[in-house]
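One structure below.
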There are 2 protein chains.
Amino acid sequence: MKTLLLAVALGTCSVLAYAKAPIGIVIHGGAGTISRDSMSAAQEQAYHAMLTHAVNQGYAVLERGGSSLDAVTAAVIVLEDSPLFNAGKGAVYTFDESHELDASIMDGRNRNAGAVAGVSNVKNPILLARAVMEKSVHVMLAGKGAEQFAKEQQLELVDNSYFNTEFRYDALKRAKQAIAPQPHQAAVPYDPAWKMGTVGAVAIDKKGNLAAATSTGGMTAKRYGRIGDAPVIGAGNFADNKSCAVSATGHGEFFIRYQVAADICARVKYQNKTAAVAAKEVMAELKKVGGDGGVIVVDQKGQLSWTFNTEGMYRALKAEGGEVISEIFATKP
Amino acid sequence: MKTLLLAVALGTCSVLAYAKAPIGIVIHGGAGTISRDSMSAAQEQAYHAMLTHAVNQGYAVLERGGSSLDAVTAAVIVLEDSPLFNAGKGAVYTFDESHELDASIMDGRNRNAGAVAGVSNVKNPILLARAVMEKSVHVMLAGKGAEQFAKEQQLELVDNSYFNTEFRYDALKRAKQAIAPQPHQAAVPYDPAWKMGTVGAVAIDKKGNLAAATSTGGMTAKRYGRIGDAPVIGAGNFADNKSCAVSATGHGEFFIRYQVAADICARVKYQNKTAAVAAKEVMAELKKVGGDGGVIVVDQKGQLSWTFNTEGMYRALKAEGGEVISEIFATKP
């Protein structure tokens, strides 16, 4: 209950950080109930180190004149390869004790997009999403069919056990105990903590092009082939040079129903708002209907920003001429 | 080539039909290369009869004070049960000679939504989408998991062969011949004719509530677990009492990338346009980038409308105090 009250209180004072920049990148590693009390100094340090590494990898691409598409891909690969985040290596477990990963990517130049849902053997789902965008006539592929396409594209495949981690397995066991009274229902409300940890990146390059990438293991103990917002263009991911680029994390069902990423960019496009202001508005409205999470955004003017309505969000940004800013909690100590 | 030129010419003069109405419903049975030359008088009559039956079934719900949600469900069930349309019984074949169906539904009152992708044994996918919305905590379920949920919800299940029809099988054979030179690629551009026939409905009820429903068998010869726009909220389907309700049909990849349904409603909400005007704008913009198809819309004022940038769209509407209007081609004879 304490957590819930705190989250509500934060709803009206979302944290914003931004800087004007010719080039820049923002990343996130998930939003949710991330409290200082529950995290050791060593853990905190590990998260900051990995966020800094990821944002630097993406920024290096931009600095040498690379595209925002390559920058967000590079940053998300780092986050997928780290067990700290619920994407790639650190993906949560499904109810059936396996892993099903989702990812999407979008190119603001031409609104090309690629998305994959429910893949179990692709080491870096963001690379598969990108291959769908660049090497197929489709936008969204799912399950075994998506895996067949990954094989044809010679992407690195792994056994599903590659994604196993002890702490995610413990989380599954706790989740199953909570679900146990209604084992055959898809109607059990999920604990907010089970859906933490999607990763994502948005960037603007020297040519002013925007891009967004999002990757996730989804929700702990998910069943029934549940697809969340991460692979749904307009919900968990969006990029259009005419407005902005967004990557989202949070309670996916709300992000789909409220078209969070597309709505932020619609306000930029049709109401001439900055992406930072539009994001703050949309996340505040989402909080009112019970949708928790956060977004990272960049608009055509290079304004980098984040906002969230939860206790914390793993996040980092680097704008031209600035140092890496890496943060975890909503409030300063 | 003749077809393409005609479609382009139509891009600037999309057909619009609307009427003010306290209650009303619009339905579609797919847009595409539907020419007078290729259709017999008997076929034409069969389509008009089925469109009229479907729109009347939906309208009857509204007339007796039922919800727009029940009305769009009733109309789509009729279209799914008819072999004339690419949804339910008349679903096209996948590359592997089976059928994978997608559907979605959305309630404008509260933006609740349900969607299913890649289901093979549910007689009426729109009922499964509705069960996902009403009986689960999720918005989108896919594949085997979605089918397991359908079984638990005691929906009517059928063998995949229920969806077999001879003329769709012939279409698959023709499609495979065209794909044959590159059998292992997902990069083969699809013939516009292969993706015709999604069905949908939008309605406004006596309480002024909006709803939208969309159902499809997808694209002939689809592979790799391809998901089109029909089950993607914001792309092929959208409903929000604050703006409008939309159901789309056409080249799904474009409808996802351009967020067609959500963009139409964003223009209503943020630019104070009518849904009819917004729909016309968005479909004209889509045509410029090569995306063909159509939409049906209803806004909060009860204005019913359709627009499309193809040679034809199976469509019908009924507004309070009016007769059923049922049309197929873009131009009058």
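Here's how to read the names in the structure tokens: chain A, B, ... by the order shown, residue numbers from 1 in each chain, ligand numbers from 1 in the order shown.
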
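Close contacts of A:Ile25, defined as residues with an atom at most 9 Å away when counting only C-alpha atoms, with chain neighbours fewer than 6 positions off set aside, comprise Val55, Asn56, Gly58, Tyr59, Leu62, Ser68, Ala71, Val72, Ala201, Val202, Ala203, Ile204, Asp205, Val298, Leu304, Ala316, Leu317, Lys318 and Ala319 of chain A.
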
Requested in this report: Compute the set of chain B residues within 8 Å of chain A, using only C-alpha atoms, and express it as a PyMOL selection string.
Outcome: chain B and resi 111-113+135-149+152+184-189+223-228+232-234+253+256-259+262-263+266-267+270-271

Query raised in the report: Do you know which residues are at most 9 Å from B:Leu51 counting only C-alpha atoms, after dropping those on the same chain fewer than 2 positions away, and could you put them as a VMD selection string?
Result: chain B and resid 27 to 29 46 to 49 53 to 56 75 78 to 79 314 to 317 326 to 327

Query raised in the report: atom CA of B:Thr214 to atom CA of A:Val260: how many Å, to one decimal?
Result: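 The value is 21.2 Å.
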
Report task. Just list the residues in stretch 35-244 of chain B DSSP gives alpha helix (DSSP H) on the backbone, as a ChimeraX atom specification. Result -> /B:41-63,68-81,125-135,143-152,166-179

**Report entry** Which of stretch 258-332 of chain B fall in strand (DSSP E), as a ChimeraX atom specification
**Finding:** /B:293-299,304-308,312-319,325-329

With N, CA, C and O atoms retained, write the just-selected residues as a short mmCIF file (atom, residue, chain, number, x, y, z; two decimals), in the first residue's frame.
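See result.cif below for the written result:
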```cif
data_model
loop_
_atom_site.label_atom_id
_atom_site.label_comp_id
_atom_site.auth_asym_id
_atom_site.auth_seq_id
_atom_site.Cartn_x
_atom_site.Cartn_y
_atom_site.Cartn_z
N GLY B 293 -6.18 0.81 -49.41
CA GLY B 293 -7.19 0.26 -48.53
C GLY B 293 -8.28 1.26 -48.23
O GLY B 293 -8.46 2.23 -48.99
N GLY B 294 -9.01 1.03 -47.17
CA GLY B 294 -10.11 1.92 -46.82
C GLY B 294 -10.46 1.82 -45.35
O GLY B 294 -9.97 0.95 -44.64
N VAL B 295 -11.30 2.75 -44.92
CA VAL B 295 -11.76 2.76 -43.53
C VAL B 295 -13.25 3.10 -43.47
O VAL B 295 -13.79 3.74 -44.36
N ILE B 296 -13.87 2.64 -42.39
CA ILE B 296 -15.21 3.11 -42.04
C ILE B 296 -15.08 3.82 -40.70
O ILE B 296 -14.29 3.40 -39.85
N VAL B 297 -15.83 4.90 -40.53
CA VAL B 297 -15.69 5.69 -39.30
C VAL B 297 -17.05 6.19 -38.81
O VAL B 297 -18.00 6.34 -39.59
N VAL B 298 -17.11 6.44 -37.52
CA VAL B 298 -18.26 7.14 -36.95
C VAL B 298 -17.70 8.03 -35.84
O VAL B 298 -16.80 7.62 -35.11
N ASP B 299 -18.18 9.27 -35.79
CA ASP B 299 -17.70 10.12 -34.71
C ASP B 299 -18.80 10.35 -33.68
O ASP B 299 -19.91 9.84 -33.82
N LEU B 304 -21.71 9.03 -39.88
CA LEU B 304 -21.21 7.76 -40.42
C LEU B 304 -20.53 8.04 -41.76
O LEU B 304 -21.06 8.81 -42.56
N SER B 305 -19.41 7.39 -41.98
CA SER B 305 -18.68 7.69 -43.21
C SER B 305 -17.77 6.54 -43.62
O SER B 305 -17.42 5.70 -42.80
N TRP B 306 -17.42 6.53 -44.90
CA TRP B 306 -16.38 5.60 -45.36
C TRP B 306 -15.51 6.32 -46.38
O TRP B 306 -15.96 7.28 -47.03
N THR B 307 -14.29 5.87 -46.52
CA THR B 307 -13.41 6.40 -47.55
C THR B 307 -12.38 5.33 -47.89
O THR B 307 -11.99 4.56 -47.03
N PHE B 308 -11.96 5.30 -49.15
CA PHE B 308 -10.98 4.29 -49.57
C PHE B 308 -10.26 4.79 -50.81
O PHE B 308 -10.76 5.67 -51.51
N GLY B 312 -12.55 -0.44 -55.23
CA GLY B 312 -13.82 -0.75 -54.60
C GLY B 312 -13.67 -1.10 -53.14
O GLY B 312 -12.54 -1.37 -52.67
N MET B 313 -14.77 -1.07 -52.42
CA MET B 313 -14.79 -1.56 -51.03
C MET B 313 -16.22 -2.05 -50.78
O MET B 313 -17.17 -1.33 -51.02
N TYR B 314 -16.35 -3.30 -50.34
CA TYR B 314 -17.66 -3.80 -49.92
C TYR B 314 -18.05 -3.02 -48.67
O TYR B 314 -17.32 -3.00 -47.70
N ARG B 315 -19.24 -2.38 -48.70
CA ARG B 315 -19.59 -1.51 -47.59
C ARG B 315 -21.08 -1.27 -47.52
O ARG B 315 -21.79 -1.34 -48.53
N ALA B 316 -21.54 -0.99 -46.32
CA ALA B 316 -22.96 -0.68 -46.13
C ALA B 316 -23.11 0.12 -44.85
O ALA B 316 -22.27 0.04 -43.94
N LEU B 317 -24.18 0.91 -44.79
CA LEU B 317 -24.46 1.64 -43.56
C LEU B 317 -25.96 1.79 -43.39
O LEU B 317 -26.74 1.70 -44.35
N LYS B 318 -26.34 2.00 -42.16
CA LYS B 318 -27.73 2.32 -41.87
C LYS B 318 -27.75 3.31 -40.71
O LYS B 318 -27.23 3.07 -39.63
N ALA B 319 -28.35 4.48 -41.01
CA ALA B 319 -28.48 5.52 -40.00
C ALA B 319 -29.96 5.63 -39.62
O ALA B 319 -30.83 5.23 -40.40
N ILE B 325 -27.81 1.62 -47.06
CA ILE B 325 -27.06 1.96 -48.28
C ILE B 325 -25.96 0.91 -48.41
O ILE B 325 -25.15 0.74 -47.49
N SER B 326 -25.95 0.20 -49.52
CA SER B 326 -24.97 -0.86 -49.74
C SER B 326 -24.26 -0.60 -51.07
O SER B 326 -24.92 -0.44 -52.10
N GLU B 327 -22.93 -0.53 -51.02
CA GLU B 327 -22.16 -0.22 -52.23
C GLU B 327 -20.93 -1.11 -52.35
O GLU B 327 -20.45 -1.64 -51.36
N ILE B 328 -20.44 -1.24 -53.57
CA ILE B 328 -19.25 -2.06 -53.81
C ILE B 328 -18.16 -1.27 -54.52
O ILE B 328 -17.02 -1.23 -54.08
N PHE B 329 -18.50 -0.62 -55.61
CA PHE B 329 -17.48 0.03 -56.45
C PHE B 329 -17.28 1.50 -56.06
O PHE B 329 -18.11 2.09 -55.36
#
```

**Report entry** Atomic separation - atom CA of B:Ala221 relative to atom CA of B:Ile179, Å
**Finding:**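 Atom-to-atom, atom CA of B:Ile179 and atom CA of B:Ala221 are spaced 8.9 Å apart.
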
Requested in this report: May I ask for the distance between atom CA of B:Ser161 and atom CA of B:Pro125, given in Å to one decimal place?
Outcome: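 Separating atom CA of B:Ser161 from atom CA of B:Pro125 is a distance of 15.3 Å.
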